[in-house]
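*Asks:* Handing over query34.pdb, PDB, C-alpha atoms.
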```pdb
ATOM      1  CA  MET R  69    -254.756-147.048-174.966
ATOM      2  CA  ASP R  70    -251.686-145.442-173.415
ATOM      3  CA  VAL R  71    -251.874-146.711-169.804
ATOM      4  CA  ILE R  72    -248.689-145.125-168.455
ATOM      5  CA  SER R  73    -249.994-141.554-168.154
ATOM      6  CA  PRO R  74    -253.322-142.611-166.561
ATOM      7  CA  MET R  75    -251.367-144.892-164.230
ATOM      8  CA  ARG R  76    -249.206-141.947-163.137
ATOM      9  CA  THR R  77    -252.346-139.892-162.580
ATOM     10  CA  PHE R  78    -253.971-142.649-160.513
ATOM     11  CA  VAL R  79    -250.893-142.983-158.293
ATOM     12  CA  ARG R  80    -250.860-139.239-157.751
ATOM     13  CA  VAL R  81    -254.576-139.263-156.820
ATOM     14  CA  VAL R  82    -253.907-141.927-154.180
ATOM     15  CA  GLU R  83    -250.882-140.091-152.792
ATOM     16  CA  GLU R  84    -252.540-136.651-152.773
ATOM     17  CA  GLY R  85    -255.894-137.886-151.489
ATOM     18  CA  SER R  86    -258.222-136.319-154.047
ATOM     19  CA  PHE R  87    -258.698-135.526-157.722
ATOM     20  CA  ALA R  88    -258.413-131.795-157.031
ATOM     21  CA  ALA R  89    -255.133-132.107-155.125
ATOM     22  CA  ALA R  90    -253.686-134.407-157.799
ATOM     23  CA  ALA R  91    -254.776-131.990-160.531
ATOM     24  CA  ASN R  92    -253.053-129.109-158.751
ATOM     25  CA  THR R  93    -249.814-131.097-158.427
ATOM     26  CA  LEU R  94    -249.900-132.296-162.037
ATOM     27  CA  GLY R  95    -250.877-128.891-163.433
ATOM     28  CA  ILE R  96    -253.989-130.223-165.173
ATOM     29  CA  SER R  97    -257.729-129.938-164.594
ATOM     30  CA  ALA R  98    -259.570-132.101-162.058
ATOM     31  CA  GLN R  99    -261.907-133.097-164.903
ATOM     32  CA  LEU R 100    -258.978-134.511-166.888
ATOM     33  CA  VAL R 101    -257.713-136.348-163.796
ATOM     34  CA  GLY R 102    -261.127-137.987-163.422
ATOM     35  CA  LYS R 103    -261.236-138.834-167.122
ATOM     36  CA  GLN R 104    -257.848-140.548-166.989
ATOM     37  CA  VAL R 105    -258.712-142.590-163.902
ATOM     38  CA  GLN R 106    -262.052-143.645-165.392
ATOM     39  CA  GLY R 107    -260.321-144.567-168.655
ATOM     40  CA  LEU R 108    -257.846-146.704-166.719
ATOM     41  CA  GLU R 109    -260.723-148.464-164.932
ATOM     42  CA  ARG R 110    -262.439-149.149-168.255
ATOM     43  CA  HIS R 111    -259.205-150.498-169.697
ATOM     44  CA  LEU R 112    -258.694-152.821-166.726
ATOM     45  CA  ASP R 113    -262.437-153.584-166.483
ATOM     46  CA  VAL R 114    -262.321-153.186-162.697
ATOM     47  CA  ARG R 115    -263.055-150.392-160.234
ATOM     48  CA  LEU R 116    -260.028-148.857-158.530
ATOM     49  CA  LEU R 117    -261.735-146.226-156.377
ATOM     50  CA  ASN R 118    -264.968-146.099-154.438
ATOM     51  CA  ARG R 119    -266.367-142.575-154.842
ATOM     52  CA  THR R 120    -268.995-140.675-152.902
ATOM     53  CA  THR R 121    -269.851-136.985-152.918
ATOM     54  CA  ARG R 122    -267.606-136.406-149.878
ATOM     55  CA  ARG R 123    -264.759-138.909-150.064
ATOM     56  CA  GLN R 124    -263.061-141.605-152.060
ATOM     57  CA  SER R 125    -261.310-144.799-151.029
ATOM     58  CA  LEU R 126    -259.370-147.561-152.703
ATOM     59  CA  THR R 127    -261.065-150.831-153.550
ATOM     60  CA  ASP R 128    -259.213-154.011-152.604
ATOM     61  CA  PHE R 129    -258.001-154.322-156.180
ATOM     62  CA  GLY R 130    -257.142-150.621-156.190
ATOM     63  CA  LYS R 131    -254.837-151.089-153.191
ATOM     64  CA  ALA R 132    -252.993-153.943-154.888
ATOM     65  CA  PHE R 133    -252.859-152.093-158.202
ATOM     66  CA  TYR R 134    -251.482-148.960-156.534
ATOM     67  CA  GLU R 135    -248.557-150.862-155.016
ATOM     68  CA  ARG R 136    -247.788-152.583-158.312
ATOM     69  CA  ALA R 137    -248.164-149.322-160.280
ATOM     70  CA  ARG R 138    -245.639-147.564-158.022
ATOM     71  CA  ILE R 139    -243.098-150.292-158.771
ATOM     72  CA  ILE R 140    -243.817-150.237-162.521
ATOM     73  CA  LEU R 141    -243.487-146.447-162.749
ATOM     74  CA  SER R 142    -240.304-146.436-160.683
ATOM     75  CA  GLU R 143    -238.739-149.101-162.890
ATOM     76  CA  LEU R 144    -239.889-147.299-166.045
ATOM     77  CA  GLU R 145    -238.336-144.015-164.905
ATOM     78  CA  GLU R 146    -235.081-145.752-164.117
ATOM     79  CA  THR R 147    -235.100-147.502-167.502
ATOM     80  CA  GLU R 148    -235.727-144.200-169.299
ATOM     81  CA  ARG R 149    -232.928-142.547-167.358
ATOM     82  CA  MET R 150    -230.504-145.353-168.221
ATOM     83  CA  ALA R 151    -231.522-145.273-171.888
ATOM     84  CA  ALA R 152    -231.105-141.504-172.081
ATOM     85  CA  GLU R 153    -227.670-141.700-170.523
ATOM     86  CA  ALA R 154    -226.635-144.627-172.720
ATOM     87  CA  HIS R 155    -227.758-143.151-176.031
ATOM     88  CA  GLY R 156    -228.008-139.430-175.481
ATOM     89  CA  LYS R 157    -229.718-138.998-178.836
ATOM     90  CA  PRO R 158    -233.246-139.270-180.285
ATOM     91  CA  SER R 159    -234.547-142.769-181.016
ATOM     92  CA  GLY R 160    -237.768-144.747-181.216
ATOM     93  CA  ARG R 161    -241.187-144.182-182.765
ATOM     94  CA  LEU R 162    -242.619-140.638-182.740
ATOM     95  CA  ARG R 163    -246.396-140.364-183.157
ATOM     96  CA  VAL R 164    -247.457-137.042-184.698
ATOM     97  CA  ASN R 165    -250.941-135.731-185.515
ATOM     98  CA  ALA R 166    -251.633-132.619-187.630
ATOM     99  CA  PRO R 167    -254.429-130.864-189.561
ATOM    100  CA  VAL R 168    -254.822-132.191-193.094
ATOM    101  CA  THR R 169    -253.697-129.207-195.162
ATOM    102  CA  PHE R 170    -250.794-128.204-192.932
ATOM    103  CA  GLY R 171    -249.701-131.822-192.575
ATOM    104  CA  ALA R 172    -249.815-132.598-196.290
ATOM    105  CA  ARG R 173    -248.425-129.341-197.667
ATOM    106  CA  LEU R 174    -245.924-128.108-195.072
ATOM    107  CA  LEU R 175    -245.132-130.820-192.543
ATOM    108  CA  ALA R 176    -244.831-133.789-194.918
ATOM    109  CA  PRO R 177    -242.254-132.057-197.185
ATOM    110  CA  ALA R 178    -240.204-131.183-194.084
ATOM    111  CA  LEU R 179    -240.187-134.674-192.546
ATOM    112  CA  PRO R 180    -237.424-136.108-194.782
ATOM    113  CA  ASP R 181    -235.026-133.477-193.428
ATOM    114  CA  TYR R 182    -235.931-134.403-189.851
ATOM    115  CA  LEU R 183    -235.593-138.149-190.516
ATOM    116  CA  ARG R 184    -232.227-137.689-192.221
ATOM    117  CA  ALA R 185    -230.973-135.715-189.213
ATOM    118  CA  HIS R 186    -232.243-138.364-186.771
ATOM    119  CA  PRO R 187    -231.807-141.806-188.361
ATOM    120  CA  GLN R 188    -232.832-143.696-185.204
ATOM    121  CA  VAL R 189    -236.287-142.073-185.090
ATOM    122  CA  SER R 190    -239.315-143.357-187.005
ATOM    123  CA  VAL R 191    -242.380-141.141-187.493
ATOM    124  CA  GLU R 192    -246.021-142.222-187.513
ATOM    125  CA  LEU R 193    -247.980-139.289-188.983
ATOM    126  CA  THR R 194    -251.781-139.079-188.942
ATOM    127  CA  LEU R 195    -253.763-136.204-190.464
ATOM    128  CA  THR R 196    -257.199-135.052-189.355
ATOM    129  CA  ASN R 197    -259.109-131.817-188.878
ATOM    130  CA  GLN R 198    -260.937-133.292-185.881
ATOM    131  CA  LEU R 199    -259.781-132.731-182.313
ATOM    132  CA  VAL R 200    -257.856-135.731-180.980
ATOM    133  CA  ASP R 201    -257.197-136.890-177.428
ATOM    134  CA  ILE R 202    -253.423-136.855-177.145
ATOM    135  CA  VAL R 203    -253.526-139.161-174.100
ATOM    136  CA  ASP R 204    -256.076-141.776-175.139
ATOM    137  CA  GLU R 205    -254.854-141.965-178.736
ATOM    138  CA  GLY R 206    -251.181-142.155-177.797
ATOM    139  CA  HIS R 207    -249.778-139.187-179.733
ATOM    140  CA  ASP R 208    -246.433-137.703-178.743
ATOM    141  CA  VAL R 209    -246.908-134.389-180.551
ATOM    142  CA  VAL R 210    -250.045-132.712-181.942
ATOM    143  CA  PHE R 211    -250.364-129.650-184.199
ATOM    144  CA  ARG R 212    -253.533-127.602-183.852
ATOM    145  CA  VAL R 213    -254.776-124.293-185.238
ATOM    146  CA  GLY R 214    -256.668-121.930-182.945
ATOM    147  CA  ARG R 215    -256.763-120.845-179.344
ATOM    148  CA  LEU R 216    -256.274-123.607-176.795
ATOM    149  CA  ALA R 217    -258.401-124.226-173.735
ATOM    150  CA  ASP R 218    -256.785-127.425-172.403
ATOM    151  CA  SER R 219    -254.174-126.377-169.838
ATOM    152  CA  SER R 220    -253.012-129.989-169.423
ATOM    153  CA  LEU R 221    -250.921-129.663-172.591
ATOM    154  CA  VAL R 222    -247.685-127.797-173.112
ATOM    155  CA  SER R 223    -248.014-125.550-176.164
ATOM    156  CA  ARG R 224    -245.449-123.879-178.394
ATOM    157  CA  THR R 225    -246.954-121.305-180.744
ATOM    158  CA  LEU R 226    -245.136-121.407-184.072
ATOM    159  CA  GLY R 227    -246.796-118.310-185.500
ATOM    160  CA  PRO R 228    -250.034-117.016-187.015
ATOM    161  CA  TYR R 229    -251.684-119.388-189.490
ATOM    162  CA  PRO R 230    -252.489-117.023-192.407
ATOM    163  CA  LEU R 231    -255.745-117.226-194.337
ATOM    164  CA  VAL R 232    -256.448-115.801-197.798
ATOM    165  CA  LEU R 233    -259.748-114.691-199.311
ATOM    166  CA  CYS R 234    -259.676-115.601-203.007
ATOM    167  CA  ALA R 235    -261.673-116.652-206.049
ATOM    168  CA  ALA R 236    -261.189-117.625-209.672
ATOM    169  CA  PRO R 237    -261.046-114.733-212.186
ATOM    170  CA  ALA R 238    -264.048-116.230-214.006
ATOM    171  CA  TYR R 239    -266.197-116.056-210.869
ATOM    172  CA  LEU R 240    -265.230-112.448-210.153
ATOM    173  CA  ALA R 241    -265.893-111.398-213.745
ATOM    174  CA  ALA R 242    -269.409-112.878-213.663
ATOM    175  CA  HIS R 243    -270.546-111.452-210.320
ATOM    176  CA  PRO R 244    -270.936-108.025-208.677
ATOM    177  CA  PRO R 245    -267.732-106.345-207.468
ATOM    178  CA  ILE R 246    -266.565-106.885-203.876
ATOM    179  CA  ARG R 247    -265.328-103.687-202.250
ATOM    180  CA  HIS R 248    -266.102-104.382-198.585
ATOM    181  CA  PRO R 249    -266.516-107.542-196.463
ATOM    182  CA  ARG R 250    -270.246-106.787-196.229
ATOM    183  CA  ASP R 251    -270.505-107.411-199.980
ATOM    184  CA  LEU R 252    -269.713-111.103-199.339
ATOM    185  CA  GLN R 253    -273.282-111.604-198.090
ATOM    186  CA  ALA R 254    -274.473-111.362-201.688
ATOM    187  CA  HIS R 255    -271.943-113.911-202.951
ATOM    188  CA  GLU R 256    -271.489-117.668-203.011
ATOM    189  CA  CYS R 257    -269.055-118.368-200.156
ATOM    190  CA  LEU R 258    -267.513-121.835-199.994
ATOM    191  CA  GLY R 259    -268.024-123.127-196.453
ATOM    192  CA  PHE R 260    -265.528-124.914-194.215
ATOM    193  CA  LEU R 261    -267.075-127.077-191.483
ATOM    194  CA  HIS R 262    -265.024-125.488-188.736
ATOM    195  CA  ALA R 263    -266.527-123.553-185.846
ATOM    196  CA  GLN R 264    -264.565-120.407-186.644
ATOM    197  CA  LEU R 265    -265.194-120.350-190.397
ATOM    198  CA  ARG R 266    -268.516-122.074-190.932
ATOM    199  CA  THR R 267    -270.925-119.130-190.907
ATOM    200  CA  HIS R 268    -268.909-115.967-190.179
ATOM    201  CA  TRP R 269    -265.658-114.574-191.547
ATOM    202  CA  THR R 270    -263.614-111.917-189.727
ATOM    203  CA  PHE R 271    -261.269-109.334-191.265
ATOM    204  CA  ASN R 272    -259.024-106.533-190.031
ATOM    205  CA  GLY R 273    -259.315-103.485-192.260
ATOM    206  CA  PRO R 274    -259.117 -99.692-192.335
ATOM    207  CA  GLU R 275    -262.171 -99.416-190.041
ATOM    208  CA  GLY R 276    -260.942-102.064-187.607
ATOM    209  CA  GLU R 277    -262.277-105.578-187.183
ATOM    210  CA  GLU R 278    -265.179-106.619-189.421
ATOM    211  CA  THR R 279    -267.154-109.852-188.963
ATOM    212  CA  VAL R 280    -269.703-110.750-191.634
ATOM    213  CA  PRO R 281    -272.130-113.658-192.040
ATOM    214  CA  VAL R 282    -271.516-115.859-195.085
ATOM    215  CA  SER R 283    -273.367-118.681-196.798
ATOM    216  CA  GLY R 284    -273.101-120.909-199.839
ATOM    217  CA  ARG R 285    -274.266-124.142-201.413
ATOM    218  CA  LEU R 286    -271.101-126.138-200.723
ATOM    219  CA  MET R 287    -269.775-126.951-197.265
ATOM    220  CA  THR R 288    -267.116-129.545-196.381
ATOM    221  CA  ASN R 289    -264.774-130.535-193.569
ATOM    222  CA  GLN R 290    -261.741-130.773-195.875
ATOM    223  CA  SER R 291    -259.905-128.011-197.686
ATOM    224  CA  GLU R 292    -259.131-129.754-200.973
ATOM    225  CA  PRO R 293    -262.786-129.935-202.178
ATOM    226  CA  LEU R 294    -263.081-126.207-201.499
ATOM    227  CA  LEU R 295    -260.002-125.569-203.612
ATOM    228  CA  CYS R 296    -261.471-127.595-206.478
ATOM    229  CA  ALA R 297    -264.731-125.654-206.252
ATOM    230  CA  ALA R 298    -262.964-122.293-206.165
ATOM    231  CA  LEU R 299    -260.806-123.176-209.184
ATOM    232  CA  ALA R 300    -263.990-124.198-211.040
ATOM    233  CA  GLY R 301    -265.467-120.756-210.401
ATOM    234  CA  LEU R 302    -268.145-121.918-207.977
ATOM    235  CA  GLY R 303    -267.533-119.245-205.344
ATOM    236  CA  ILE R 304    -265.232-117.372-202.962
ATOM    237  CA  MET R 305    -262.985-119.252-200.564
ATOM    238  CA  LEU R 306    -261.341-118.307-197.249
ATOM    239  CA  GLN R 307    -258.630-120.855-196.599
ATOM    240  CA  SER R 308    -255.025-121.292-195.474
ATOM    241  CA  LEU R 309    -252.263-119.666-197.465
ATOM    242  CA  GLU R 310    -250.388-122.899-198.153
ATOM    243  CA  LEU R 311    -253.498-124.408-199.767
ATOM    244  CA  VAL R 312    -253.848-121.617-202.336
ATOM    245  CA  ARG R 313    -250.231-120.437-202.645
ATOM    246  CA  ASP R 314    -249.535-122.107-206.022
ATOM    247  CA  ALA R 315    -252.894-121.086-207.512
ATOM    248  CA  LEU R 316    -252.286-117.463-206.516
ATOM    249  CA  ARG R 317    -248.837-117.505-208.098
ATOM    250  CA  ASP R 318    -250.036-118.767-211.476
ATOM    251  CA  GLY R 319    -253.217-116.669-211.561
ATOM    252  CA  ARG R 320    -255.774-119.455-211.301
ATOM    253  CA  LEU R 321    -256.991-117.686-208.150
ATOM    254  CA  VAL R 322    -256.742-114.013-207.244
ATOM    255  CA  GLU R 323    -256.875-112.386-203.837
ATOM    256  CA  VAL R 324    -260.104-110.613-202.924
ATOM    257  CA  LEU R 325    -260.218-107.539-200.639
ATOM    258  CA  PRO R 326    -256.422-107.264-200.153
ATOM    259  CA  ASP R 327    -256.929-104.274-197.826
ATOM    260  CA  TYR R 328    -258.920-106.453-195.431
ATOM    261  CA  VAL R 329    -256.682-109.082-193.800
ATOM    262  CA  PRO R 330    -258.484-112.259-192.667
ATOM    263  CA  ALA R 331    -258.108-112.859-188.937
ATOM    264  CA  ALA R 332    -255.451-115.525-188.418
ATOM    265  CA  SER R 333    -255.372-118.151-185.663
ATOM    266  CA  PRO R 334    -252.157-119.374-184.048
ATOM    267  CA  LEU R 335    -250.521-122.619-185.170
ATOM    268  CA  ASN R 336    -249.665-124.578-182.008
ATOM    269  CA  LEU R 337    -247.364-127.509-181.343
ATOM    270  CA  MET R 338    -248.496-129.453-178.256
ATOM    271  CA  PHE R 339    -247.317-132.315-176.076
ATOM    272  CA  GLN R 340    -248.226-133.680-172.659
ATOM    273  CA  ARG R 341    -247.282-131.718-169.564
ATOM    274  CA  ASP R 342    -246.777-134.818-167.437
ATOM    275  CA  ARG R 343    -244.710-136.725-169.990
ATOM    276  CA  LYS R 344    -240.923-136.668-169.725
ATOM    277  CA  LEU R 345    -239.578-134.699-172.668
ATOM    278  CA  THR R 346    -237.657-137.503-174.342
ATOM    279  CA  PRO R 347    -234.857-136.776-176.818
ATOM    280  CA  LYS R 348    -237.108-137.698-179.765
ATOM    281  CA  VAL R 349    -239.846-135.266-178.687
ATOM    282  CA  ARG R 350    -237.361-132.521-177.855
ATOM    283  CA  SER R 351    -235.592-132.941-181.196
ATOM    284  CA  PHE R 352    -238.873-132.768-183.120
ATOM    285  CA  VAL R 353    -240.103-129.703-181.218
ATOM    286  CA  ASP R 354    -236.792-127.920-181.820
ATOM    287  CA  PHE R 355    -236.888-128.865-185.516
ATOM    288  CA  CYS R 356    -240.430-127.531-185.986
ATOM    289  CA  VAL R 357    -239.779-124.298-184.091
ATOM    290  CA  ALA R 358    -236.800-123.628-186.361
ATOM    291  CA  ARG R 359    -238.537-124.776-189.564
ATOM    292  CA  PHE R 360    -242.023-123.269-189.273
ATOM    293  CA  THR R 361    -241.285-119.668-188.371
ATOM    294  CA  PRO R 362    -243.860-116.900-188.839
ATOM    295  CA  ASP R 363    -241.999-115.779-191.978
ATOM    296  CA  VAL R 364    -242.214-119.263-193.484
ATOM    297  CA  LEU R 365    -245.910-119.624-192.660
ATOM    298  CA  ALA R 366    -246.710-116.248-194.256
ATOM    299  CA  ARG R 367    -244.452-116.564-197.311
ATOM    300  CA  ARG R 368    -246.252-116.106-200.631
TER     301      ARG R 368
END
```
Go ahead and express the file in the form of structure tokens.

*Replies:*
Amino acid sequence: MDVISPMRTFVRVVEEGSFAAAANTLGISAQLVGKQVQGLERHLDVRLLNRTTRRQSLTDFGKAFYERARIILSELEETERMAAEAHGKPSGRLRVNAPVTFGARLLAPALPDYLRAHPQVSVELTLTNQLVDIVDEGHDVVFRVGRLADSSLVSRTLGPYPLVLCAAPAYLAAHPPIRHPRDLQAHECLGFLHAQLRTHWTFNGPEGEETVPVSGRLMTNQSEPLLCAALAGLGIMLQSLELVRDALRDGRLVEVLPDYVPAASPLNLMFQRDRKLTPKVRSFVDFCVARFTPDVLARR
């Protein structure tokens, strides 16, 4: 567990007098403040605050821990300042988390260029389609697709994350024609276990926005099995452009309903609001903003 951020939050709670006041100062939600303090207590296996419905007070251990935490954080800030002034360039381990398809097909090929430009930085990359806790799991930078609700994170939107509706020529030849999104209800639609794509697909077409229910016999939380099924002619797939780009180019898949554009979600790059933007994080953010432009994300 990363204890530095929760420690900073705890100190701010003590100094401000309440979770709500600390949340307002830190620019995060009171719920997240409480979560961080409780996580710190679990990590230490000791209670720091006595809480009632009307007030809170420090335990004896909490008082001692608060004084020690202030010293630790002050010394850490001074050490970071000295290191930044001494080196003035990115260094250290950078922990990055990204969705599987984007991470494997776009981010991974770009990482060698970043590492060559910053030889003193090492990257620890993890890929998952599940939501991760950037604080508890110790990530420096997280990529996520979709609209964000957590105001505790700083977000840089890189651009729309394009989706493509496609199928194998053999599937299309053996099934009724598809002229409108409503026709998809009579077809085998390969399902992605994601809240936005699991049961309904949305398109922007000549008549405006169209949302249609879809269903099929295969559903998975990873994109690659859907690609295999689509190439085998099992059904129609709505997935990210980078997943199907090569198959579209060589004709193994063809685009369906080109006049109806699938609704795209934003691709976001996120990091902690209360974490000092170190040279390694700043360099990586700048690299990604320059590398993954909307034109690059949408390039066929």

*Asks:* Give the answer as one residue: which of R:Ser142, R:Ser97, R:Thr225, R:Thr194 has the shortest atom-to-atom distance to Leu162 of chain R, using all atoms listed in the file?

*Replies:*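 Among the listed residues, R:Thr194 lies closest to Leu162 of chain R.
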
*Asks:* Starting from the PyMOL selection byres ((chain R and resi 308) around 9), expand the selection into actual residues of this file and give them as a PDB file with C-alpha atoms, keeping the file's coordinate frame.

*Replies:*
```pdb
ATOM      1  CA  THR R 169    -253.697-129.207-195.162  1.00  0.00           C
ATOM      2  CA  PHE R 170    -250.794-128.204-192.932  1.00  0.00           C
ATOM      3  CA  TYR R 229    -251.684-119.388-189.490  1.00  0.00           C
ATOM      4  CA  PRO R 230    -252.489-117.023-192.407  1.00  0.00           C
ATOM      5  CA  LEU R 231    -255.745-117.226-194.337  1.00  0.00           C
ATOM      6  CA  VAL R 232    -256.448-115.801-197.798  1.00  0.00           C
ATOM      7  CA  LEU R 233    -259.748-114.691-199.311  1.00  0.00           C
ATOM      8  CA  SER R 291    -259.905-128.011-197.686  1.00  0.00           C
ATOM      9  CA  LEU R 306    -261.341-118.307-197.249  1.00  0.00           C
ATOM     10  CA  GLN R 307    -258.630-120.855-196.599  1.00  0.00           C
ATOM     11  CA  LEU R 309    -252.263-119.666-197.465  1.00  0.00           C
ATOM     12  CA  GLU R 310    -250.388-122.899-198.153  1.00  0.00           C
ATOM     13  CA  LEU R 311    -253.498-124.408-199.767  1.00  0.00           C
ATOM     14  CA  VAL R 312    -253.848-121.617-202.336  1.00  0.00           C
ATOM     15  CA  ARG R 313    -250.231-120.437-202.645  1.00  0.00           C
TER      16      ARG R 313
END
```

*Asks:* Please identify all polymer residues within 12 Å of Thr93 of chain R, counting only C-alpha atoms, omitting same-chain residues fewer than 2 positions from it, and present them as a list in words.

*Replies:* Arg76, Thr77, Val79, Arg80, Val81, Glu83, Glu84, Gly85, Ser86, Phe87, Ala88, Ala89, Ala90, Ala91, Gly95, Ile96, Ser97, Ala98, Val101, Ser220, Arg341 and Asp342 of chain R

*Asks:* List as a VMD selection string the protein and nucleic acid residues near Leu183 of chain R, meaning an atom at most 12 Å away when only C-alpha atoms are counted, but skip any in the same chain fewer than 2 places from it.

*Replies:* chain R and resid 158 to 162 176 to 181 185 to 192 348 351 to 352 355

*Asks:* Would you save the residues from that selection as a short mmCIF file (atom, residue, chain, number, x, y, z; two decimals), in the coordinates of the input, using C-alpha atoms?

*Replies:*
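This went into result_13.cif:
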```
data_model
loop_
_atom_site.label_atom_id
_atom_site.label_comp_id
_atom_site.auth_asym_id
_atom_site.auth_seq_id
_atom_site.Cartn_x
_atom_site.Cartn_y
_atom_site.Cartn_z
CA PRO R 158 -233.25 -139.27 -180.28
CA SER R 159 -234.55 -142.77 -181.02
CA GLY R 160 -237.77 -144.75 -181.22
CA ARG R 161 -241.19 -144.18 -182.76
CA LEU R 162 -242.62 -140.64 -182.74
CA ALA R 176 -244.83 -133.79 -194.92
CA PRO R 177 -242.25 -132.06 -197.18
CA ALA R 178 -240.20 -131.18 -194.08
CA LEU R 179 -240.19 -134.67 -192.55
CA PRO R 180 -237.42 -136.11 -194.78
CA ASP R 181 -235.03 -133.48 -193.43
CA ALA R 185 -230.97 -135.72 -189.21
CA HIS R 186 -232.24 -138.36 -186.77
CA PRO R 187 -231.81 -141.81 -188.36
CA GLN R 188 -232.83 -143.70 -185.20
CA VAL R 189 -236.29 -142.07 -185.09
CA SER R 190 -239.32 -143.36 -187.00
CA VAL R 191 -242.38 -141.14 -187.49
CA GLU R 192 -246.02 -142.22 -187.51
CA LYS R 348 -237.11 -137.70 -179.76
CA SER R 351 -235.59 -132.94 -181.20
CA PHE R 352 -238.87 -132.77 -183.12
CA PHE R 355 -236.89 -128.86 -185.52
#
```

*Asks:* Using only C-alpha atoms, which residue out of R:Lys103, R:Arg110, R:Arg359, R:Arg138 lies closest to Tyr182 of chain R?

*Replies:*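 Ranked by minimum distance to Tyr182 of chain R, first place goes to R:Arg359.
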
*Asks:* What is the atom CA of Leu174 of chain R-atom CA of Thr361 of chain R distance in Å, reported with one decimal?

*Replies:*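 Atom CA of Thr361 of chain R lies 11.7 Å from atom CA of Leu174 of chain R.
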
*Asks:* Could you state which residues are captured by the PyMOL selection byres ((chain R and resi 115-130) around 9) in this file, as a PDB file with C-alpha atoms, in the frame of the given file?

*Replies:*
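selection.pdb, freshly written:
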```pdb
ATOM      1  CA  PHE R  78    -253.971-142.649-160.513  1.00  0.00           C
ATOM      2  CA  VAL R  82    -253.907-141.927-154.180  1.00  0.00           C
ATOM      3  CA  GLY R  85    -255.894-137.886-151.489  1.00  0.00           C
ATOM      4  CA  SER R  86    -258.222-136.319-154.047  1.00  0.00           C
ATOM      5  CA  VAL R 105    -258.712-142.590-163.902  1.00  0.00           C
ATOM      6  CA  GLN R 106    -262.052-143.645-165.392  1.00  0.00           C
ATOM      7  CA  LEU R 108    -257.846-146.704-166.719  1.00  0.00           C
ATOM      8  CA  GLU R 109    -260.723-148.464-164.932  1.00  0.00           C
ATOM      9  CA  ARG R 110    -262.439-149.149-168.255  1.00  0.00           C
ATOM     10  CA  LEU R 112    -258.694-152.821-166.726  1.00  0.00           C
ATOM     11  CA  ASP R 113    -262.437-153.584-166.483  1.00  0.00           C
ATOM     12  CA  VAL R 114    -262.321-153.186-162.697  1.00  0.00           C
ATOM     13  CA  LYS R 131    -254.837-151.089-153.191  1.00  0.00           C
ATOM     14  CA  ALA R 132    -252.993-153.943-154.888  1.00  0.00           C
ATOM     15  CA  PHE R 133    -252.859-152.093-158.202  1.00  0.00           C
ATOM     16  CA  TYR R 134    -251.482-148.960-156.534  1.00  0.00           C
ATOM     17  CA  GLU R 135    -248.557-150.862-155.016  1.00  0.00           C
TER      18      GLU R 135
END
```

*Asks:* List the residues selected by the PyMOL selection byres ((chain R and resi 258) around 6) in the file shown, writing them as a VMD selection string.

*Replies:* chain R and resid 257 259 284 286 303 to 305

*Asks:* Can you tell me how far atom CA of His248 of chain R sits from atom CA of Ala235 of chain R, in Å to one decimal?

*Replies:*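 Between these atoms lies a distance of 15.0 Å.
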
*Asks:* Have a look at atom CA of Ala166 of chain R and atom CA of Gly206 of chain R and let me know their distance in Å, one decimal.

*Replies:*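 A separation of 13.7 Å between them.
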
*Asks:* Tell me, as a compact mmCIF listing (two decimals) with C-alpha atoms, keeping the file's coordinate frame, which residues lie within 10 Å of Val357 of chain R, counting all atoms listed in the file; anything in the same chain fewer than 5 positions away does not count.

*Replies:*
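That gives us selection-v3.txt:
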```
# COMPACT_ATOMS: atom_id res chain seq x y z
CA ARG R 224 -245.45 -123.88 -178.39
CA THR R 225 -246.95 -121.30 -180.74
CA LEU R 226 -245.14 -121.41 -184.07
CA GLY R 227 -246.80 -118.31 -185.50
CA LEU R 337 -247.36 -127.51 -181.34
CA PHE R 352 -238.87 -132.77 -183.12
CA PRO R 362 -243.86 -116.90 -188.84
```

*Asks:* Restrict the calculation to all atoms listed in the file, then for each residue of segment 145-197 of chain R with any atom at most 6 Å from an atom of segment 208-212 of chain R give the closest atom pair and their distance in Å to one decimal, rows by chain and rising residue number, as JSON lines.

*Replies:*
```
{"residue": "R:Arg163", "atom": "CA", "partner": "R:Asp208", "partner_atom": "CA", "distance": 5.2}
{"residue": "R:Val164", "atom": "CA", "partner": "R:Val209", "partner_atom": "CA", "distance": 5.0}
{"residue": "R:Asn165", "atom": "CA", "partner": "R:Val210", "partner_atom": "CA", "distance": 4.8}
{"residue": "R:Ala166", "atom": "CA", "partner": "R:Phe211", "partner_atom": "CA", "distance": 4.7}
```

*Asks:* Using only C-alpha atoms, which residue out of R:Ile139, R:Val168, R:Ala298, R:Val71 lies closest to Glu323 of chain R?

*Replies:*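 Smallest distance to Glu323 of chain R is found for R:Ala298.
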
*Asks:* With distances taken over all atoms listed in the file, which of R:Met75, R:Leu175, R:Ala331, R:Leu325 is nearest to Arg250 of chain R?

*Replies:*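 Distance minimum relative to Arg250 of chain R lands on R:Leu325.
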
*Asks:* Kindly indicate which residue among R:Leu365, R:Cys296, R:Leu252, R:Leu265 lies nearest to Gly214 of chain R, using all atoms listed in the file for the distances.

*Replies:* R:Leu265

*Asks:* Report as JSON the centre and the edge lengths, in Å to one decimal, of the axis-aligned box holding every listed atom of segment 114-119 of chain R, padded by 6 Å on each side.

*Replies:*
```
{"center_x": -263.2, "center_y": -147.9, "center_z": -158.6, "size_x": 18.3, "size_y": 22.6, "size_z": 20.3}
```
